[in-house]
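As structure tokens, the structure follows; a few thoughts come after it.
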Amino acid sequence: MTGTNSPRATGASRASRVSRPSARELIEAIVDPGSWHGWDEPVEITTDDPEYRADLERARERTGLDESVITGEGRIEGRRVALVACEFRFLAGSIGVAAGERLVRAVERATAERLPLLAAPASGGTRMQEGTVAFLQMVKVAAAITDHKAAGLPYLVHLRHPTTGGVLASWGSLGHVTAAEPGALIGFMGPRVHEALYGEEFPPGVQNAENLMNHGLIDAVLPLSRLSGVAARVLRVLCAGDAVPGVAPASLPATVGAGAAAGPTAEVGPGAPSDAPGGTPGRGGGSSARGGPSAASGNGHGGAEAAEAKGTAAHGEVAGGRWDAEAGPPSAAPGHVAPGGCGAERGAGGAATAEAAGPAGDVSAAHDQAALAASAGVSGAPEGVEGGAPAPAVGAGPESGEPGRRGDAAPGSAPVAAPGQTGSGASTEPVPGPGVPGGAPEAPGGSMTSAPGAPDDTEVGAAVPSAEVSIRASRRVERPGVRDLLRVAAEDVSPLSGTGAGEHDPGLLLALARVGGTPCVVLGHNRRSARKGETAEGPGEGQALGPAGLRTARRGMRIAAELGLPLLTVIDTAGAALSREAEEGGLAAEIARCLADMVTLPAPTLCLLLGQGAGGAALALLPADRVVAARHAWLSPLPPEGASAILHRTTERAYEVAARQGVRSADLLAQGIVDRIVEEDAEDAEGSGAPDAFLSRLGRLLGAELAALRAQDPDERLAARRVRHRRIGLPR
């Protein structure tokens, strides 16, 4: 199996023992006969990795598809609806750059054309062969879904067997209403990875649809035969602003009678919709997505806020067409919806159309590096690397023979250049898929590299450590953490405790502080024990982050937003908590909500990648305006041992896999994921010397970065952040 988090063939779930419909069969069962229209453009295979190419070719032959995702539109009881679905037989439904781009463009098109969106994931998560840049696709998919919901458009999710990993922790957990297949395996960490990392199977009976419904994490368990009818009924409520054919708007009842719906059935969770008869759907004829007023459905999780939004209209604007990476996202502020009808406008006989708002204006993402360097006490530092050390160059090296396939281009959308190409504009060729991991070369003992875009006379001479060297350095017990950073580089530190709603997770530190002289909210992974003499209690080494920690992080985000303070996130984690309590406590959903909050947060945001950056716990704190990384910091879809277990069924090739995935700070800089690298002295990396000099230097730089972000125009800064994350995996 070449995807991620795929279930065992003999898994305990009922769903693993029965035949499951393909993505095409699923779509045919949901939409009205003859109404399906696909949106996908062909995807080419461009990877130079012979094993990965062979995997892709076999997947294409087996499924008849060119990628793991199908997107398009159809009608459900006459209503025009956009659909996205995963094909698990295509590399375990895994999401790489091409699949991620296809998803995002479909969501953007649904938003621009004012269509409700139904997603049907069945996926092991990130495609391990494409590494960290594929992992980051979850950020931009979550951002696109957030825009769609903010535009007052419904987002429905039907989780299929199996749905795990980054897919569950992003677009699989953001639905207004969420259902799942009976017996489906639904969980953050797939069984194989858990067993590889911990030497034991995950507790039975936890990662299944019925258990998650009982814990309030999904709204219903529905077989495919009922999905279309339930979706139609839910949309009749969430799109309540649409005119009903044959009925004058003034004659519509203000409320639904008590007999309109019966109570929950054995397959539907408490409070979820039932299938009781109660009238035929008020839909008919064609639609072009630009009809009458739309109903807002809120931005909450599960179905609760969707139900609260029943009959509530919102007003505003959304761009009338697709948007590209240069133009920025649709103008879809929460609670503002363009005149247009949630997919229900009538056909040729009098269909209404929304006025196009036009694409967002160009956004300048310039950041004055000279001023930053001066204020941080650094002179002559080229873009990307602190302290004057040049950044690694983009280019193929011993680690960079990873996949590079072409993605799809939605009709009318801007073409995308293959990762690794230079230039600020998109290529004129049809869409490229994945970015090339391992973009910065290395040699034994390190290689000499220079900063992308640096002047021709940029000094060359910085050694880039191997992935293994950096990962080992980041795992040293003596390596400084967020507590050490605050001790050395911050003043007026006031720790805050927990969520404010009765939960506390020692794996997440939340504090108010002045870092490098700039006031901010700090939240970071707290992997170290409290030192002698410190008053705040801390966890033991390697403290995993659970759902309560992520809810604490979201509390910090709210404080920053309410007070207009910059937010500093510090990533240093070996991974999220993997336990019954974490799964049933909504770990994956909290990661998804952190992503949604971070990409839309009005406050200035700065991320420091300080050490380990394993999995969703790291990703949840990453989507900031700017990202600074310590030289030995790294970011990966999973701990390297987990990725090795997926690809090679052994943990012994962990460092080899990490090198190919492009996890190092140098690789992240080359991909545009990191903006600046702070060099570490040998003593810093080994923990044999006092780290205070490194932390002091780091603190000055962070303070300057925070101050610069705070000085930017808020609208331009937020728009630049959206463009930044929209372009992940695409040419810089």
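Following the order of the structure tokens, chains are lettered A, B, ..., residues in each are numbered from 1, and ligands are numbered from 1.
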
For segment 214-216 of chain A, find every residue with an atom within 8 Å (counting only C-alpha atoms), except residues of its own chain fewer than 3 positions away, and show them as a list in words.
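Neighbouring residues, sequence-local ones excluded: Glu210, Asn211, Asp219, Gly269, Glu584 and Gly585 of chain A.
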
Ranking A:Ile70, A:Ala624, A:Leu523, A:Leu509 by minimum distance to Ser497 of chain A and counting only C-alpha atoms, which one comes first?
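Ranking A:Ile70, A:Ala624, A:Leu523, A:Leu509 by distance to Ser497 of chain A, first place goes to A:Leu509.
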
Name the closest residue to Phe188 of chain A among the candidates A:Leu496, A:Leu695, A:Leu578, A:Leu601; distances are taken between atoms, counting only C-alpha atoms.
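Comparing A:Leu496, A:Leu695, A:Leu578, A:Leu601 against Phe188 of chain A, the winner is A:Leu578.
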
Report, in Å with one decimal, the straight-line distance from atom CA of Thr63 of chain A to atom CA of Met189 of chain A.
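We find that atom CA of Thr63 of chain A and atom CA of Met189 of chain A lie 25.6 Å from each other.
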
Which parts of segment 512-720 of chain A does DSSP call strand (DSSP E) when run on the backbone here, written out as a PyMOL selection string?
chain A and resi 512-515+518-525+567-573+605-613+626-630+676-678

What's around segment 194-203 of chain A at 12 Å? Count only C-alpha atoms, leave out sequence neighbours fewer than 4 positions away in its own chain, and write the answer as an MDAnalysis selection string.
chainID A and resid 4:8 11:12 164:165 185 187:190 207:208 574:581 583:584 638:652 654

Nearest to Arg726 of chain A, chosen from A:Pro714, A:Gly498, A:Pro602, A:Gly672, with only C-alpha atoms counted in the distances
A:Gly672

Report the distance between atom CA of Glu101 of chain A and atom CA of Leu117 of chain A in Å, rounded to one decimal place.
16.5 Å

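Here atom CA of Tyr655 of chain A and atom CA of Ile471 of chain A stand 8.3 Å from one another.
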
Enumerate, as a PDB file with C-alpha atoms, in the first residue's frame, the complete set of residues in segment 109-205 of chain A that a backbone-based DSSP assignment places in helix (DSSP H, G or I).
```
ATOM      1  CA  ARG A 109     -15.621  26.990  -8.074  1.00  0.00           C
ATOM      2  CA  ALA A 110     -18.471  25.850  -5.850  1.00  0.00           C
ATOM      3  CA  THR A 111     -18.072  29.020  -3.789  1.00  0.00           C
ATOM      4  CA  ALA A 112     -17.910  31.310  -6.812  1.00  0.00           C
ATOM      5  CA  MET A 128       3.878   9.886   1.783  1.00  0.00           C
ATOM      6  CA  GLN A 129       5.767   9.697  -1.520  1.00  0.00           C
ATOM      7  CA  GLU A 130       5.342  13.470  -1.938  1.00  0.00           C
ATOM      8  CA  GLY A 131       6.349  14.377   1.583  1.00  0.00           C
ATOM      9  CA  THR A 132       5.891  17.599   3.500  1.00  0.00           C
ATOM     10  CA  VAL A 133       4.654  19.709   0.587  1.00  0.00           C
ATOM     11  CA  ALA A 134       1.783  17.225   0.158  1.00  0.00           C
ATOM     12  CA  PHE A 135       1.102  17.455   3.894  1.00  0.00           C
ATOM     13  CA  GLN A 137      -2.124  20.741   1.008  1.00  0.00           C
ATOM     14  CA  MET A 138      -4.423  20.177   3.982  1.00  0.00           C
ATOM     15  CA  VAL A 139      -3.953  23.828   4.960  1.00  0.00           C
ATOM     16  CA  LYS A 140      -5.130  25.220   1.654  1.00  0.00           C
ATOM     17  CA  VAL A 141      -8.015  22.765   1.374  1.00  0.00           C
ATOM     18  CA  ALA A 142      -9.164  23.739   4.869  1.00  0.00           C
ATOM     19  CA  ALA A 143      -8.808  27.417   3.920  1.00  0.00           C
ATOM     20  CA  ALA A 144     -10.966  26.941   0.819  1.00  0.00           C
ATOM     21  CA  ILE A 145     -13.635  25.129   2.855  1.00  0.00           C
ATOM     22  CA  THR A 146     -13.551  27.947   5.425  1.00  0.00           C
ATOM     23  CA  ASP A 147     -14.157  30.498   2.655  1.00  0.00           C
ATOM     24  CA  HIS A 148     -17.027  28.422   1.332  1.00  0.00           C
ATOM     25  CA  LYS A 149     -18.718  28.293   4.733  1.00  0.00           C
ATOM     26  CA  ALA A 150     -18.025  31.978   5.377  1.00  0.00           C
ATOM     27  CA  GLY A 165      -4.926  11.154   8.937  1.00  0.00           C
ATOM     28  CA  GLY A 166      -4.714  14.615   7.473  1.00  0.00           C
ATOM     29  CA  VAL A 167      -7.930  14.291   5.481  1.00  0.00           C
ATOM     30  CA  LEU A 168      -9.956  13.668   8.644  1.00  0.00           C
ATOM     31  CA  TRP A 171     -11.710  18.936   5.254  1.00  0.00           C
ATOM     32  CA  GLY A 172     -13.206  15.757   6.718  1.00  0.00           C
ATOM     33  CA  SER A 173     -14.018  17.504  10.013  1.00  0.00           C
ATOM     34  CA  PRO A 191      -3.948   1.153  12.618  1.00  0.00           C
ATOM     35  CA  ARG A 192      -0.716   0.288  10.824  1.00  0.00           C
ATOM     36  CA  VAL A 193       1.107   3.436  11.915  1.00  0.00           C
ATOM     37  CA  HIS A 194      -0.066   3.116  15.511  1.00  0.00           C
ATOM     38  CA  GLU A 195       1.176  -0.458  15.702  1.00  0.00           C
ATOM     39  CA  ALA A 196       4.503   0.462  14.083  1.00  0.00           C
ATOM     40  CA  LEU A 197       5.109   3.328  16.526  1.00  0.00           C
ATOM     41  CA  TYR A 198       3.838   1.705  19.705  1.00  0.00           C
TER      42      TYR A 198
END
```
